[in-house]
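Heads up: the structure comes next, in structure tokens.
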Amino acid sequence: MTAKKKTGTVIVTCALTGAIHTPGMSPYLPVTPEEIIAEGRRAVEAGAAILHVHARDPETGRPDQTVEAFGRILPALKETGAVINVTTGGSPFMKVDERVGPSAHFAPELSSLNMGSMNMGLYPMQSRFPDLGRDWENDHLENSRDVVFRNTFKDIEHILDTCGPNGTRFEFECYDIGHLYTLAHMKGRGKVSGPLFVQSVFGLLGGIGGHPEDVMMMRRTADRLLGEDYEWSVLGAGSNQLRIAATAAATGGHVRVGLEDSLWSGPGQLATSSAEQIEKVKDVLSGLSLAHATPDEARSILGLKGANEVNF
């Protein structure tokens, strides 16, 4: 029997590095296994209950979705005691079989799962970062003008069928209203079961915006489609991060922060660590008389299998 969310308790997820930002954008973005591990430790010490994990090639900084790359990171992150959430999103430029590989192999407690295809426009960042040092970084941004981040019904079913039998549960990433309908469709077919962990994503070009009305529309739609059988969390891209976190926390939601989602700790000020962002969101929670969940409280709220049941 899954425990209900403890009143006033908010799960803080930290997304450590991701696949959107590139090393030339910030000297603080972790790239090597050692940097990602150190960033994870700082995040847990600051109050993160869940670590959302991507890997990168330590030489080039490119996203790296190989089992070997994650194998250099996951055991040390597990030692923090946090819930480890392995991405199946990878990068918009990867095929689904590549993206699902690490989660299928390591059987984590939690994996992300994108709930629909979308345009993902990263190219506006070119004007903000005109001096990126590596050719691939500039290509990464420019090529997003003409890429669809593919997450078809077949792709979603493949990830569910591959990872679900291992006891892995999912952070369902919903970038727009239609993604909630796809999640409700999968629930109606018995492909997923509660408590569903819904991560609503705001402020990425191609998805829903970051206006407060957008946030509340996502929440109202999730309530209508999923009833009480879900836990709601939000992430705001870039400057949306803290204000969307505050809006969600004030209405009973959980929050996600981290250098994957925003490089900043304030206007024009690069965050030196995701832990800075966690401290800021903890200030918001404290002002709302809310507490951040421990990893074990997050496991109870989300019905996770436990860290002793993973393959790393």
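Labels for the structure tokens follow display order: chains A, B, ..., residues from 1 in each chain, ligands from 1.
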With region 250-269 of chain A as the partner and 10 Å as the cut-off, tabulate the residues of region 24-105 of chain A that qualify, each row holding the nearest pair of atoms and their distance in Å to one decimal, using only C-alpha atoms, sorted by chain and rising number, as JSON lines.
{"residue": "A:Met25", "atom": "CA", "partner": "A:Leu263", "partner_atom": "CA", "distance": 8.2}
{"residue": "A:Ser26", "atom": "CA", "partner": "A:Leu263", "partner_atom": "CA", "distance": 7.2}
{"residue": "A:Tyr28", "atom": "CA", "partner": "A:Leu263", "partner_atom": "CA", "distance": 8.4}
{"residue": "A:Leu29", "atom": "CA", "partner": "A:Leu259", "partner_atom": "CA", "distance": 6.6}
{"residue": "A:Pro30", "atom": "CA", "partner": "A:Leu259", "partner_atom": "CA", "distance": 8.6}
{"residue": "A:Glu39", "atom": "CA", "partner": "A:Leu259", "partner_atom": "CA", "distance": 9.8}
{"residue": "A:Ala43", "atom": "CA", "partner": "A:Gly258", "partner_atom": "CA", "distance": 8.7}
{"residue": "A:Ala48", "atom": "CA", "partner": "A:Arg256", "partner_atom": "CA", "distance": 9.0}
{"residue": "A:Ile50", "atom": "CA", "partner": "A:Arg256", "partner_atom": "CA", "distance": 9.0}
{"residue": "A:Leu51", "atom": "CA", "partner": "A:Gly258", "partner_atom": "CA", "distance": 9.4}
{"residue": "A:His52", "atom": "CA", "partner": "A:Gly258", "partner_atom": "CA", "distance": 9.0}
{"residue": "A:Val53", "atom": "CA", "partner": "A:Glu260", "partner_atom": "CA", "distance": 9.5}
{"residue": "A:His54", "atom": "CA", "partner": "A:Glu260", "partner_atom": "CA", "distance": 9.0}
Could the residues in this selection be written to a file with N, CA, C and O atoms, as a compact mmCIF listing (two decimals), in the first residue's frame?
# COMPACT_ATOMS: atom_id res chain seq x y z
N MET A 25 28.73 27.00 -22.32
CA MET A 25 27.78 27.94 -21.74
C MET A 25 28.07 28.26 -20.29
O MET A 25 27.68 29.32 -19.79
N SER A 26 28.72 27.35 -19.59
CA SER A 26 29.01 27.57 -18.17
C SER A 26 30.18 26.69 -17.74
O SER A 26 30.16 25.48 -18.00
N TYR A 28 30.60 25.73 -14.91
CA TYR A 28 30.12 24.96 -13.76
C TYR A 28 29.27 23.76 -14.16
O TYR A 28 28.89 22.96 -13.30
N LEU A 29 28.95 23.63 -15.44
CA LEU A 29 28.16 22.48 -15.89
C LEU A 29 29.01 21.22 -15.76
O LEU A 29 30.07 21.12 -16.37
N PRO A 30 28.57 20.23 -14.98
CA PRO A 30 29.40 19.03 -14.81
C PRO A 30 29.41 18.17 -16.07
O PRO A 30 28.38 17.95 -16.70
N GLU A 39 28.71 16.81 -8.08
CA GLU A 39 27.51 17.63 -8.15
C GLU A 39 26.33 16.93 -7.48
O GLU A 39 25.54 17.56 -6.77
N ALA A 43 24.20 18.18 -4.21
CA ALA A 43 22.74 18.34 -4.31
C ALA A 43 22.03 17.62 -3.18
O ALA A 43 21.07 18.14 -2.59
N ALA A 48 18.22 17.60 -1.96
CA ALA A 48 17.55 16.87 -3.03
C ALA A 48 17.23 15.45 -2.58
O ALA A 48 18.06 14.78 -1.97
N ILE A 50 15.78 13.28 -5.03
CA ILE A 50 15.92 12.53 -6.28
C ILE A 50 17.00 13.19 -7.13
O ILE A 50 17.05 14.42 -7.24
N LEU A 51 17.87 12.37 -7.70
CA LEU A 51 18.87 12.86 -8.66
C LEU A 51 18.50 12.34 -10.04
O LEU A 51 18.43 11.13 -10.27
N HIS A 52 18.23 13.26 -10.96
CA HIS A 52 17.92 12.93 -12.35
C HIS A 52 19.23 12.94 -13.12
O HIS A 52 19.92 13.96 -13.18
N VAL A 53 19.58 11.80 -13.74
CA VAL A 53 20.95 11.58 -14.21
C VAL A 53 21.03 11.43 -15.73
O VAL A 53 20.33 10.60 -16.32
N HIS A 54 21.90 12.22 -16.33
CA HIS A 54 22.42 12.04 -17.68
C HIS A 54 23.91 11.82 -17.57
O HIS A 54 24.53 12.13 -16.54
**OP:** Tell me, as a PyMOL selection string, which residues lie within 12 Å of Thr247 (chain A), counting only C-alpha atoms; anything in the same chain fewer than 5 positions away does not count.
**Re:** chain A and resi 210-216+219+233-236+240-242+252-255+281+284-285+288
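Using only C-alpha atoms, the nearest neighbour of Ala222 (chain A) within the list A:Ser91, A:Ser103, A:Ser193, A:Thr182 is A:Thr182.
Between CA of His21 (chain A) and CA of Ile156 (chain A) lies a distance of 24.6 Å.
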Original post:
region 156-236 of chain A: which residues are strand (DSSP E or B) by DSSP, as a count of residues only?
Top reply: 22
Can you check which parts of region 131-189 of chain A lie within 8 Å of region 204-209 of chain A? Per residue, the shortest pair of atoms and distance in Å to one decimal, counting only C-alpha atoms, sorted by chain and number, as a tab-separated table.
residue	atom	partner	partner_atom	distance
A:Tyr175	CA	A:Gly207	CA	5.1
A:Asp176	CA	A:Ile208	CA	5.1
A:Ile177	CA	A:Ile208	CA	7.7
